[in-house]
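Text of entry.cif, listed as mmCIF, C-alpha atoms:
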data_protein
#
loop_
_atom_site.label_atom_id
_atom_site.label_comp_id
_atom_site.auth_asym_id
_atom_site.auth_seq_id
_atom_site.Cartn_x
_atom_site.Cartn_y
_atom_site.Cartn_z
CA MET C 752 -30.51 8.26 -57.72
CA GLN C 753 -30.24 4.57 -58.57
CA LEU C 754 -34.00 4.39 -58.89
CA ARG C 755 -33.97 7.35 -61.27
CA TRP C 756 -31.30 5.72 -63.47
CA ALA C 757 -33.16 2.41 -63.41
CA THR C 758 -36.37 4.15 -64.44
CA ALA C 759 -34.60 6.00 -67.25
CA ALA C 760 -32.92 2.80 -68.45
CA GLY C 761 -36.27 1.03 -68.48
CA ALA C 762 -37.84 3.85 -70.47
CA LEU C 763 -34.98 3.71 -72.99
CA LEU C 764 -35.39 -0.03 -73.39
CA LEU C 765 -39.15 0.36 -73.91
CA THR C 766 -38.56 3.10 -76.49
CA LEU C 767 -36.04 0.99 -78.39
CA THR C 768 -38.44 -1.94 -78.39
CA LEU C 769 -41.24 0.27 -79.71
CA LEU C 770 -39.07 1.73 -82.45
CA THR C 771 -37.80 -1.71 -83.45
CA THR C 772 -41.41 -2.87 -83.80
CA LEU C 773 -42.25 0.16 -85.93
CA ALA C 774 -39.16 -0.29 -88.06
CA GLN C 775 -40.13 -3.90 -88.76
CA ALA C 776 -43.59 -3.00 -90.11
CA HIS C 777 -43.72 -4.62 -93.52
CA ASN C 778 -44.61 -3.21 -96.91
CA ILE C 779 -45.27 -5.90 -99.50
CA THR C 780 -44.95 -3.45 -102.40
CA ARG C 781 -41.40 -2.54 -101.38
CA ILE C 782 -40.44 -6.15 -100.70
CA LEU C 783 -41.52 -7.36 -104.15
CA ALA C 784 -40.10 -4.27 -105.88
CA LYS C 785 -36.63 -5.69 -105.12
CA HIS C 786 -37.47 -8.76 -107.22
CA PRO C 787 -38.39 -7.86 -110.83
CA GLU C 788 -39.51 -11.42 -111.59
CA PHE C 789 -42.59 -10.69 -109.45
CA SER C 790 -43.38 -7.26 -110.96
CA THR C 791 -46.72 -8.33 -112.49
CA PHE C 792 -47.84 -10.02 -109.29
CA ASN C 793 -46.80 -6.92 -107.35
CA HIS C 794 -48.70 -4.64 -109.76
CA TYR C 795 -51.95 -6.55 -109.34
CA LEU C 796 -51.64 -6.66 -105.54
CA THR C 797 -51.68 -2.86 -105.65
CA LEU C 798 -54.40 -2.61 -108.30
CA THR C 799 -56.75 -4.89 -106.35
CA HIS C 800 -55.92 -3.17 -103.01
CA LEU C 801 -54.69 -6.46 -101.58
CA ALA C 802 -51.34 -4.82 -100.83
CA ALA C 803 -52.92 -2.51 -98.26
CA GLU C 804 -54.70 -5.45 -96.63
CA ILE C 805 -51.47 -7.46 -96.46
CA ASN C 806 -49.67 -4.56 -94.78
CA GLN C 807 -52.36 -4.32 -92.11
CA HIS C 808 -51.84 -7.94 -90.98
CA THR C 809 -49.13 -8.74 -88.46
CA THR C 810 -48.91 -12.46 -89.28
CA ILE C 811 -49.18 -13.39 -92.94
CA THR C 812 -47.63 -15.38 -95.79
CA VAL C 813 -47.69 -14.25 -99.42
CA CYS C 814 -47.35 -17.01 -102.03
CA ALA C 815 -45.95 -15.02 -104.95
CA VAL C 816 -45.87 -16.30 -108.54
CA ASP C 817 -43.49 -15.03 -111.20
CA ASN C 818 -44.33 -13.02 -114.32
CA SER C 819 -44.66 -16.15 -116.47
CA ALA C 820 -47.34 -17.61 -114.19
CA MET C 821 -49.16 -14.29 -114.08
CA SER C 822 -49.11 -14.10 -117.90
CA ALA C 823 -50.85 -17.48 -118.05
CA LEU C 824 -53.54 -16.18 -115.69
CA LEU C 825 -54.04 -12.90 -117.55
CA ALA C 826 -54.31 -14.73 -120.88
CA LYS C 827 -57.71 -15.99 -119.68
CA LYS C 828 -58.83 -12.32 -119.47
CA PRO C 829 -60.47 -12.45 -116.05
CA SER C 830 -62.05 -9.29 -114.63
CA ILE C 831 -60.13 -7.32 -112.02
CA TYR C 832 -62.62 -8.58 -109.42
CA THR C 833 -61.92 -12.21 -110.32
CA ILE C 834 -58.17 -11.54 -110.25
CA LYS C 835 -58.58 -10.19 -106.73
CA ASN C 836 -60.30 -13.41 -105.62
CA ILE C 837 -57.61 -15.56 -107.22
CA LEU C 838 -54.72 -13.61 -105.70
CA SER C 839 -56.40 -13.49 -102.28
CA LEU C 840 -56.23 -17.30 -102.33
CA HIS C 841 -52.43 -16.88 -102.40
CA ILE C 842 -52.37 -14.88 -99.14
CA LEU C 843 -52.24 -17.18 -96.12
CA LEU C 844 -53.38 -15.84 -92.75
CA ASP C 845 -50.54 -17.54 -90.90
CA TYR C 846 -46.75 -17.51 -90.96
CA PHE C 847 -45.00 -20.13 -93.09
CA GLY C 848 -41.27 -19.59 -93.48
CA ALA C 849 -39.05 -22.04 -95.39
CA LYS C 850 -38.08 -23.88 -92.20
CA LYS C 851 -41.68 -24.29 -91.04
CA LEU C 852 -42.77 -25.58 -94.45
CA HIS C 853 -40.33 -28.48 -94.13
CA GLN C 854 -41.27 -29.18 -90.51
CA ILE C 855 -45.08 -29.23 -90.73
CA THR C 856 -46.63 -31.30 -87.96
CA ASN C 857 -47.78 -34.66 -89.38
CA GLY C 858 -46.54 -33.46 -92.77
CA THR C 859 -49.63 -31.48 -93.73
CA ALA C 860 -51.44 -28.29 -92.73
CA LEU C 861 -54.61 -26.46 -93.74
CA ALA C 862 -54.22 -22.68 -93.97
CA ALA C 863 -57.00 -20.10 -94.12
CA THR C 864 -56.55 -17.46 -96.81
CA MET C 865 -57.67 -13.91 -97.38
CA PHE C 866 -60.18 -15.32 -99.90
CA GLN C 867 -61.81 -17.30 -97.10
CA ALA C 868 -61.88 -14.21 -94.90
CA THR C 869 -63.87 -12.21 -97.48
CA GLY C 870 -66.87 -14.51 -97.09
CA SER C 871 -67.00 -14.95 -100.87
CA ALA C 872 -65.56 -18.48 -100.74
CA PRO C 873 -68.23 -21.19 -100.52
CA GLY C 874 -67.67 -23.73 -97.77
CA SER C 875 -63.97 -24.40 -97.25
CA ALA C 876 -62.92 -23.31 -100.75
CA GLY C 877 -60.86 -20.52 -99.24
CA PHE C 878 -58.44 -22.89 -97.51
CA VAL C 879 -55.12 -24.11 -98.93
CA ASN C 880 -53.62 -27.52 -98.18
CA ILE C 881 -49.84 -27.48 -97.62
CA THR C 882 -48.10 -30.87 -97.63
CA ASP C 883 -44.46 -31.82 -97.16
CA LEU C 884 -44.00 -34.28 -100.03
CA LYS C 885 -41.32 -36.92 -100.51
CA GLY C 886 -37.96 -35.76 -101.82
CA GLY C 887 -38.01 -32.48 -99.93
CA LYS C 888 -40.76 -30.89 -102.01
CA VAL C 889 -43.64 -28.94 -100.47
CA GLY C 890 -46.93 -28.93 -102.37
CA PHE C 891 -49.80 -26.42 -102.35
CA THR C 892 -53.38 -27.06 -103.42
CA PRO C 893 -56.74 -25.34 -102.78
CA GLN C 894 -59.10 -27.32 -100.59
CA ASP C 895 -61.67 -27.51 -103.41
CA ASN C 896 -59.15 -28.98 -105.87
CA ASP C 897 -58.94 -32.64 -106.96
CA GLY C 898 -56.29 -33.53 -104.39
CA THR C 899 -53.28 -33.10 -106.66
CA PHE C 900 -50.61 -30.49 -105.94
CA PRO C 901 -50.39 -28.10 -108.92
CA ALA C 902 -47.99 -25.71 -107.17
CA HIS C 903 -44.75 -26.34 -105.30
CA PHE C 904 -42.51 -24.30 -103.02
CA VAL C 905 -39.62 -22.83 -105.04
CA LYS C 906 -37.76 -20.57 -102.61
CA SER C 907 -38.08 -18.06 -99.83
CA VAL C 908 -38.14 -14.48 -101.12
CA GLU C 909 -38.05 -12.61 -97.82
CA GLU C 910 -38.87 -13.47 -94.23
CA LEU C 911 -39.51 -11.36 -91.15
CA PRO C 912 -40.08 -14.19 -88.64
CA TYR C 913 -43.64 -14.54 -87.39
CA ASN C 914 -44.61 -11.28 -89.10
CA ILE C 915 -44.47 -11.80 -92.86
CA SER C 916 -43.09 -14.51 -95.11
CA VAL C 917 -42.96 -14.03 -98.87
CA ILE C 918 -42.38 -17.29 -100.71
CA HIS C 919 -42.19 -18.18 -104.39
CA ILE C 920 -44.51 -20.96 -105.56
CA SER C 921 -44.36 -22.49 -109.02
CA SER C 922 -47.80 -21.67 -110.38
CA ILE C 923 -51.21 -20.10 -109.77
CA LEU C 924 -53.42 -22.16 -107.46
CA PRO C 925 -56.44 -23.36 -109.50
CA SER C 926 -59.82 -22.91 -107.83
CA GLN C 927 -63.25 -22.96 -109.43
CA ALA C 928 -64.62 -20.83 -106.61
CA ALA C 929 -61.94 -18.14 -106.91
CA GLU C 930 -62.01 -18.17 -110.73
CA ALA C 931 -65.79 -17.80 -110.93
CA PRO C 932 -66.91 -14.49 -112.48
CA ALA C 933 -67.14 -11.85 -109.75
CA PRO C 934 -69.75 -9.08 -109.93
CA GLY C 935 -68.56 -5.85 -111.53
CA PRO C 936 -69.53 -2.33 -110.44
CA ALA C 937 -72.65 -2.21 -112.63
CA GLU C 938 -73.99 -5.23 -110.75
CA LEU C 939 -73.28 -3.81 -107.32
CA ASN C 940 -76.37 -2.89 -105.35
CA ILE C 941 -74.99 -0.04 -103.28
CA THR C 942 -78.20 0.51 -101.30
CA SER C 943 -78.30 -3.16 -100.30
CA ILE C 944 -74.69 -2.94 -99.11
CA MET C 945 -75.52 0.15 -97.04
CA SER C 946 -78.74 -1.33 -95.65
CA ALA C 947 -76.98 -4.49 -94.50
CA HIS C 948 -74.27 -2.61 -92.62
CA GLY C 949 -75.95 0.01 -90.45
CA CYS C 950 -76.96 2.65 -93.02
CA LYS C 951 -80.50 1.45 -93.80
CA VAL C 952 -82.21 4.76 -93.05
CA PHE C 953 -79.91 6.64 -95.43
CA ALA C 954 -80.25 3.90 -98.08
CA ASP C 955 -84.06 3.89 -97.84
CA THR C 956 -84.14 7.68 -98.07
CA LEU C 957 -81.92 7.54 -101.16
CA LEU C 958 -84.16 4.92 -102.80
CA ALA C 959 -87.19 7.12 -102.11
CA ASN C 960 -85.58 10.03 -103.99
CA PRO C 961 -85.50 9.15 -107.73
CA ASP C 962 -83.39 12.16 -108.72
CA ALA C 963 -80.60 11.50 -106.22
CA PHE C 964 -80.69 7.73 -106.72
CA LYS C 965 -80.28 8.08 -110.49
CA THR C 966 -77.30 10.39 -109.97
CA TYR C 967 -75.67 7.73 -107.79
CA GLU C 968 -76.35 4.95 -110.30
CA ASP C 969 -75.04 7.01 -113.22
CA ASN C 970 -71.70 7.40 -111.46
CA VAL C 971 -71.09 3.82 -110.30
CA GLY C 972 -69.35 2.70 -113.49
CA GLY C 973 -67.04 5.71 -113.75
CA GLY C 974 -66.11 5.91 -110.08
CA LEU C 975 -68.02 6.66 -106.88
CA THR C 976 -67.18 7.18 -103.22
CA VAL C 977 -70.11 7.24 -100.77
CA PHE C 978 -70.08 8.49 -97.18
CA CYS C 979 -73.21 7.06 -95.60
CA PRO C 980 -74.35 8.27 -92.16
CA MET C 981 -75.08 5.53 -89.64
CA ASP C 982 -78.73 4.91 -88.75
CA ASP C 983 -78.74 6.73 -85.39
CA ALA C 984 -77.22 9.85 -86.94
CA PHE C 985 -79.62 9.98 -89.88
CA LYS C 986 -82.68 9.23 -87.74
CA ALA C 987 -81.84 12.20 -85.53
CA PHE C 988 -81.45 14.37 -88.63
CA LEU C 989 -84.75 13.37 -90.30
CA PRO C 990 -86.79 16.31 -88.90
CA LYS C 991 -84.39 18.76 -90.57
CA PHE C 992 -84.34 16.68 -93.75
CA LYS C 993 -88.14 16.72 -94.02
CA ASN C 994 -88.14 20.53 -93.88
CA LEU C 995 -85.97 20.79 -97.00
CA THR C 996 -87.43 21.42 -100.43
CA ARG C 997 -87.51 18.59 -102.97
CA ALA C 998 -84.38 19.96 -104.63
CA GLY C 999 -82.74 20.44 -101.24
CA LYS C 1000 -83.38 16.82 -100.26
CA ALA C 1001 -81.80 15.58 -103.49
CA SER C 1002 -78.81 17.88 -103.00
CA LEU C 1003 -78.23 16.72 -99.43
CA LEU C 1004 -78.25 13.06 -100.48
CA GLU C 1005 -75.93 13.79 -103.40
CA TYR C 1006 -73.68 15.75 -101.03
CA HIS C 1007 -72.75 12.44 -99.38
CA ALA C 1008 -70.97 11.08 -102.46
CA VAL C 1009 -67.94 12.04 -104.54
CA PRO C 1010 -67.92 11.33 -108.32
CA VAL C 1011 -64.54 9.56 -108.23
CA TYR C 1012 -63.23 6.40 -106.61
CA GLN C 1013 -61.14 7.13 -103.52
CA SER C 1014 -59.54 4.33 -101.54
CA MET C 1015 -58.93 4.76 -97.83
CA ALA C 1016 -55.21 5.17 -98.56
CA THR C 1017 -56.04 8.04 -100.93
CA LEU C 1018 -58.28 9.74 -98.37
CA LYS C 1019 -55.54 9.50 -95.76
CA SER C 1020 -52.93 11.08 -98.01
CA ASN C 1021 -54.87 13.61 -100.10
CA ASN C 1022 -56.26 16.27 -97.79
CA GLY C 1023 -58.26 19.15 -99.24
CA LEU C 1024 -61.56 20.28 -100.73
CA GLN C 1025 -63.75 17.67 -102.40
CA ASN C 1026 -66.48 18.30 -104.94
CA THR C 1027 -69.55 16.11 -104.56
CA LEU C 1028 -72.39 14.80 -106.72
CA ALA C 1029 -74.31 17.92 -105.66
CA THR C 1030 -71.65 20.32 -106.99
CA ASP C 1031 -73.01 22.25 -109.98
CA GLY C 1032 -70.76 25.25 -110.44
CA ALA C 1033 -72.72 28.11 -108.86
CA SER C 1034 -73.43 26.02 -105.76
CA LYS C 1035 -70.16 24.53 -104.57
CA PHE C 1036 -71.51 21.85 -102.22
CA ASP C 1037 -67.97 20.85 -101.25
CA PHE C 1038 -66.35 19.75 -98.00
CA THR C 1039 -62.81 19.33 -96.70
CA VAL C 1040 -61.11 16.01 -96.08
CA GLN C 1041 -58.62 16.04 -93.21
CA ASN C 1042 -56.78 13.27 -91.43
CA ASP C 1043 -54.95 12.83 -88.17
CA GLY C 1044 -53.03 9.57 -88.20
CA GLN C 1045 -55.52 6.82 -88.96
CA GLU C 1046 -58.58 9.05 -88.42
CA VAL C 1047 -60.19 10.71 -91.44
CA THR C 1048 -62.70 13.55 -90.97
CA LEU C 1049 -65.01 15.39 -93.38
CA LYS C 1050 -65.49 19.08 -92.53
CA THR C 1051 -68.33 21.28 -93.72
CA LYS C 1052 -69.00 24.81 -92.46
CA ILE C 1053 -71.66 23.35 -90.18
CA VAL C 1054 -70.42 19.99 -88.90
CA THR C 1055 -67.43 17.65 -88.86
CA GLY C 1056 -68.06 13.97 -89.48
CA LYS C 1057 -65.65 11.08 -88.94
CA ILE C 1058 -65.24 7.96 -91.08
CA THR C 1059 -66.03 5.02 -88.81
CA GLY C 1060 -65.84 2.03 -91.15
CA THR C 1061 -65.42 0.64 -94.66
CA LEU C 1062 -68.27 -1.27 -96.32
CA ILE C 1063 -66.58 -1.76 -99.69
CA ASP C 1064 -63.34 -0.49 -101.19
CA GLU C 1065 -62.98 -2.04 -104.64
CA GLN C 1066 -62.28 0.12 -107.66
CA PRO C 1067 -64.34 1.89 -108.91
CA VAL C 1068 -66.65 1.97 -105.84
CA ALA C 1069 -65.94 2.75 -102.20
CA ILE C 1070 -68.53 3.09 -99.43
CA TYR C 1071 -67.60 4.35 -95.97
CA THR C 1072 -69.72 4.87 -92.86
CA ILE C 1073 -69.65 8.20 -91.03
CA ASP C 1074 -70.89 9.22 -87.59
CA LYS C 1075 -72.75 12.40 -88.60
CA VAL C 1076 -74.91 13.75 -91.41
CA LEU C 1077 -72.90 16.17 -93.54
CA GLN C 1078 -74.66 19.54 -93.72
CA PRO C 1079 -73.67 21.88 -96.58
CA LYS C 1080 -73.71 25.63 -95.98
CA GLU C 1081 -75.74 26.04 -99.19
CA LEU C 1082 -78.73 24.41 -97.43
CA PHE C 1083 -78.16 25.49 -93.83
CA LYS C 1084 -76.97 29.09 -94.00
CA GLY C 1085 -79.05 30.02 -90.98
CA ALA C 1086 -76.82 27.88 -88.79
CA LEU C 1087 -73.90 30.10 -89.74
CA THR C 1088 -75.40 33.37 -88.38
CA PRO C 1089 -74.80 33.99 -84.64
CA ALA C 1090 -76.40 36.65 -82.51
CA PRO C 1091 -74.61 40.04 -82.80
CA ALA C 1092 -71.78 40.40 -80.30
CA PRO C 1093 -70.40 43.69 -78.97
CA ALA C 1094 -67.06 44.72 -80.40
CA PRO C 1095 -64.14 44.39 -77.98
CA GLU C 1096 -62.87 47.64 -76.48
CA LYS C 1097 -59.27 47.01 -77.56
CA PRO C 1098 -59.36 44.72 -80.57
CA ALA C 1099 -55.61 45.05 -81.14
CA HIS C 1100 -54.82 43.58 -77.72
CA ALA C 1101 -57.81 41.33 -77.14
CA PRO C 1102 -56.86 37.67 -76.49
CA LYS C 1103 -57.79 35.15 -79.16
CA SER C 1104 -60.65 32.81 -78.38
CA SER C 1105 -59.77 29.16 -77.99
CA LYS C 1106 -62.85 28.31 -80.08
CA LYS C 1107 -63.38 29.03 -83.75
CA LYS C 1108 -65.77 31.86 -84.49
CA THR C 1109 -69.06 31.00 -86.08
CA LYS C 1110 -69.20 32.15 -89.69
CA THR C 1111 -71.73 34.80 -90.75
CA LYS C 1112 -73.53 35.19 -94.05
CA ASP C 1113 -70.67 37.34 -95.26
CA THR C 1114 -68.24 34.49 -94.63
CA PRO C 1115 -65.72 34.09 -97.47
CA SER C 1116 -65.83 30.99 -99.62
CA PRO C 1117 -63.79 27.93 -98.60
CA ASP C 1118 -61.10 29.07 -101.02
CA SER C 1119 -60.28 31.95 -98.66
CA GLU C 1120 -60.10 30.00 -95.43
CA SER C 1121 -57.39 30.96 -92.98
CA PRO C 1122 -54.33 28.71 -92.77
CA ALA C 1123 -55.53 27.46 -89.38
CA ASP C 1124 -58.60 25.99 -91.04
CA SER C 1125 -56.77 24.56 -94.02
CA PRO C 1126 -55.54 20.98 -94.19
CA ASP C 1127 -51.92 20.03 -94.63
CA ASP C 1128 -50.89 20.41 -98.26
CA ASN C 1129 -48.03 17.95 -98.51
CA PRO C 1130 -49.58 14.75 -99.99
CA ALA C 1131 -47.15 14.91 -102.88
CA ASP C 1132 -44.37 14.05 -100.47
CA GLN C 1133 -45.85 10.59 -99.93
CA THR C 1134 -45.05 7.74 -102.28
CA ALA C 1135 -47.47 5.23 -103.75
CA ASP C 1136 -46.17 2.35 -101.70
CA ASP C 1137 -46.55 4.39 -98.50
CA ASN C 1138 -50.28 4.62 -99.28
CA ASN C 1139 -50.56 0.84 -98.93
CA GLY C 1140 -50.72 1.17 -95.15
CA ALA C 1141 -47.18 0.45 -93.90
CA VAL C 1142 -46.33 1.88 -90.48
CA GLY C 1143 -43.39 4.23 -89.94
CA VAL C 1144 -41.80 6.16 -87.10
CA GLY C 1145 -42.99 9.48 -88.61
CA ARG C 1146 -41.41 12.91 -88.64
CA LEU C 1147 -39.79 12.43 -85.24
CA GLY C 1148 -36.39 10.89 -85.82
CA PHE C 1149 -35.15 7.80 -84.03
CA GLY C 1150 -32.49 9.73 -82.17
CA GLY C 1151 -34.87 12.55 -81.30
CA LEU C 1152 -37.41 10.23 -79.75
CA VAL C 1153 -34.81 8.28 -77.77
CA LEU C 1154 -33.16 11.49 -76.52
CA SER C 1155 -36.47 13.08 -75.49
CA MET C 1156 -37.50 9.97 -73.52
CA TRP C 1157 -34.06 9.73 -71.88
CA VAL C 1158 -33.94 13.39 -70.83
CA GLY C 1159 -37.55 13.29 -69.62
CA PHE C 1160 -36.89 10.48 -67.18
CA LEU C 1161 -33.59 11.96 -65.99
CA LEU C 1162 -35.54 15.04 -64.92
CA LEU C 1163 -37.94 13.01 -62.78
#

File written out as structure tokens:
Amino acid sequence: MQLRWATAAGALLLTLTLLTTLAQAHNITRILAKHPEFSTFNHYLTLTHLAAEINQHTTITVCAVDNSAMSALLAKKPSIYTIKNILSLHILLDYFGAKKLHQITNGTALAATMFQATGSAPGSAGFVNITDLKGGKVGFTPQDNDGTFPAHFVKSVEELPYNISVIHISSILPSQAAEAPAPGPAELNITSIMSAHGCKVFADTLLANPDAFKTYEDNVGGGLTVFCPMDDAFKAFLPKFKNLTRAGKASLLEYHAVPVYQSMATLKSNNGLQNTLATDGASKFDFTVQNDGQEVTLKTKIVTGKITGTLIDEQPVAIYTIDKVLQPKELFKGALTPAPAPAPEKPAHAPKSSKKKTKTKDTPSPDSESPADSPDDNPADQTADDNNGAVGVGRLGFGGLVLSMWVGFLLL
């Protein structure tokens, strides 16, 4: 009996620890929303998708600047891509609370930033020097600066020890490397990006198809999301691809892209049918986006592919890797027709199969799918700041989870 109670008590303690950890997951958008003097800084963290990246780190420091400092930056009219580089220099990949800033070992520290982590910073330009100056001041300067300290610590905004520290610094950190013009979407070479990250076969096939490649290029400026199959998957599919007509080949390649920009946060929250570059009215060429926690899948009538990685996610272009080639029913109808099966003797009482039935040629359009095949339709219930990647306990309440764990172990 004592062992049972000890086991149950241990389970309760573990559950409480887990829930405390989940409850402490930070959301930079919500933190800064409580401080209107940082509203512009907060807005651009969201616009550049840095907010989602901040929320995914467990140890981080955000050096926020007020609206006046942001106005001075925006007056220079930098592109959104340059703004992202500049702001990423203000995100330190270590924890620096107010106390630590005034107790830096040897009075100075060099902190890596999110700008350094992108690989866009030349040399050590993505590091920030933090120095405890005389008179109680703490100075900040980029490593590629002239050695002066253009920004100083003003105050602590919010601290969750060793998880996230949000501090106010006096001005934008000047950096020639971060302020350099960053390439816009028109200058992005999407096939080079795919080729360099495991999708070379798909990229080469796209380049070899002028019709499909032009469709991709025409949509880059206005918004484009690409789902590129990894090399092993596309190599295995090549025999089928070569049997398609010229128009069919173009359609299949165009089927792997959506003519709007969709961040990973958007894909995780907005389930449902997606039109593609191949959609032309009469031929739907659509697929269904579904997610289960952090996993996002793309369902056609033939195959279900899973997003396995992100190559680029910067408005207006996103490129994700997938583990399978997406096959539209418009090109592979034959795969939908099974061999005739005898009718059951008592259809009213026959047990349901645990597997989904294969669709026939008379299969209704995706618009008439059964509820079991339809994705959840509650994305409107999620707020914009939730889409930035913060972790929550979920639908199961705190009390419900604790009670279920407690009762479970009492019954051992």

Requested in this report: Using all atoms listed in the file, find the one residue out of C:Asp845, C:Asp983, C:Glu1005, C:Glu909 that sits nearest to Asp962 of chain C.
Outcome: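 Going through C:Asp845, C:Asp983, C:Glu1005, C:Glu909 one by one, the smallest distance to Asp962 of chain C is for C:Glu1005.
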
Query raised in the report: What separation in Å, quoted to one decimal, exists between atom CA of Ala984 of chain C and atom CA of Thr869 of chain C?
Result: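 Computing the Euclidean distance for atom CA of Ala984 of chain C and atom CA of Thr869 of chain C yields 27.9 Å.
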
Report task. Go through the shown structure with the PyMOL selection byres ((chain C and resi 923) around 10) and write out the matching residues as a PyMOL selection string. Result -> chain C and resi 814-817+820-821+823-824+837-838+840-841+891-892+901-902+920-922+924-926

Those selected residues, please, written with C-alpha atoms and delivered as a PDB file, keeping the file's coordinate frame.
ATOM      1  CA  CYS C 814     -47.350 -17.010-102.030  1.00  0.00           C
ATOM      2  CA  ALA C 815     -45.950 -15.020-104.950  1.00  0.00           C
ATOM      3  CA  VAL C 816     -45.870 -16.300-108.540  1.00  0.00           C
ATOM      4  CA  ASP C 817     -43.490 -15.030-111.200  1.00  0.00           C
ATOM      5  CA  ALA C 820     -47.340 -17.610-114.190  1.00  0.00           C
ATOM      6  CA  MET C 821     -49.160 -14.290-114.080  1.00  0.00           C
ATOM      7  CA  ALA C 823     -50.850 -17.480-118.050  1.00  0.00           C
ATOM      8  CA  LEU C 824     -53.540 -16.180-115.690  1.00  0.00           C
ATOM      9  CA  ILE C 837     -57.610 -15.560-107.220  1.00  0.00           C
ATOM     10  CA  LEU C 838     -54.720 -13.610-105.700  1.00  0.00           C
ATOM     11  CA  LEU C 840     -56.230 -17.300-102.330  1.00  0.00           C
ATOM     12  CA  HIS C 841     -52.430 -16.880-102.400  1.00  0.00           C
ATOM     13  CA  PHE C 891     -49.800 -26.420-102.350  1.00  0.00           C
ATOM     14  CA  THR C 892     -53.380 -27.060-103.420  1.00  0.00           C
ATOM     15  CA  PRO C 901     -50.390 -28.100-108.920  1.00  0.00           C
ATOM     16  CA  ALA C 902     -47.990 -25.710-107.170  1.00  0.00           C
ATOM     17  CA  ILE C 920     -44.510 -20.960-105.560  1.00  0.00           C
ATOM     18  CA  SER C 921     -44.360 -22.490-109.020  1.00  0.00           C
ATOM     19  CA  SER C 922     -47.800 -21.670-110.380  1.00  0.00           C
ATOM     20  CA  LEU C 924     -53.420 -22.160-107.460  1.00  0.00           C
ATOM     21  CA  PRO C 925     -56.440 -23.360-109.500  1.00  0.00           C
ATOM     22  CA  SER C 926     -59.820 -22.910-107.830  1.00  0.00           C
TER      23      SER C 926
END

Translate the PyMOL selection byres ((chain C and resi 958) around 12) into a concrete residue list for this structure, as a compact mmCIF listing (two decimals) with C-alpha atoms, in the coordinates of the input.
# COMPACT_ATOMS: atom_id res chain seq x y z
CA ASN C 940 -76.37 -2.89 -105.35
CA ILE C 941 -74.99 -0.04 -103.28
CA THR C 942 -78.20 0.51 -101.30
CA SER C 943 -78.30 -3.16 -100.30
CA MET C 945 -75.52 0.15 -97.04
CA SER C 946 -78.74 -1.33 -95.65
CA LYS C 951 -80.50 1.45 -93.80
CA VAL C 952 -82.21 4.76 -93.05
CA PHE C 953 -79.91 6.64 -95.43
CA ALA C 954 -80.25 3.90 -98.08
CA ASP C 955 -84.06 3.89 -97.84
CA THR C 956 -84.14 7.68 -98.07
CA LEU C 957 -81.92 7.54 -101.16
CA ALA C 959 -87.19 7.12 -102.11
CA ASN C 960 -85.58 10.03 -103.99
CA PRO C 961 -85.50 9.15 -107.73
CA ASP C 962 -83.39 12.16 -108.72
CA ALA C 963 -80.60 11.50 -106.22
CA PHE C 964 -80.69 7.73 -106.72
CA LYS C 965 -80.28 8.08 -110.49
CA THR C 966 -77.30 10.39 -109.97
CA TYR C 967 -75.67 7.73 -107.79
CA GLU C 968 -76.35 4.95 -110.30
CA ALA C 1001 -81.80 15.58 -103.49
CA LEU C 1004 -78.25 13.06 -100.48

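When only C-alpha atoms are used to compute distances to His777 of chain C, the closest of the residues C:Val889, C:Val917, C:Leu1003, C:Leu1062 turns out to be C:Val917.
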
Query - From C:Gln1041, C:Gln854, C:Gln1078, C:Asn896, residue lying nearest Asp883 of chain C [only C-alpha atoms] - result: C:Gln854

Query raised in the report: With all atoms listed in the file as the atoms that count, which of C:Asp897, C:Glu910, C:Asp1037, C:Asp1043 lies nearest to Ile782 of chain C?
Result: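 Between C:Asp897, C:Glu910, C:Asp1037, C:Asp1043, the residue approaching Ile782 of chain C most closely is C:Glu910.
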
Report summary line: For Gln1013 of chain C, the closest of C:Gly887, C:Gly874, C:Pro990, C:Gly973 counting all atoms listed in the file is C:Gly973

Query - Neighbour residues at most 9 Å from (-60.3, 5.6, -103.1) (all atoms listed in the file) as a list in words - result: Leu975, Thr976, Val1011, Tyr1012, Gln1013, Ser1014, Met1015, Ala1016, Thr1017, Leu1018, Asp1064, Glu1065, Gln1066, Pro1067, Val1068 and Ala1069 of chain C

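From atom CA of Ala933 of chain C back to atom CA of Asn836 of chain C, the distance works out to 8.1 Å.
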
Requested in this report: Given the file shown, enumerate the residues that the PyMOL selection byres ((chain C and resi 790) around 12) captures and present them as a PyMOL selection string.
Outcome: chain C and resi 779-789+791-797+815-822

Query raised in the report: Hey, can you check how far atom CA of Leu852 of chain C sits from atom CA of Val813 of chain C?
Result: 13.3 Å

**Report entry** Which of C:Asp895, C:Asp1074, C:Glu1081, C:Glu930 sits closest to Phe1036 of chain C [using all atoms listed in the file]
**Finding:**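 Ranked by minimum distance to Phe1036 of chain C, first place goes to C:Glu1081.
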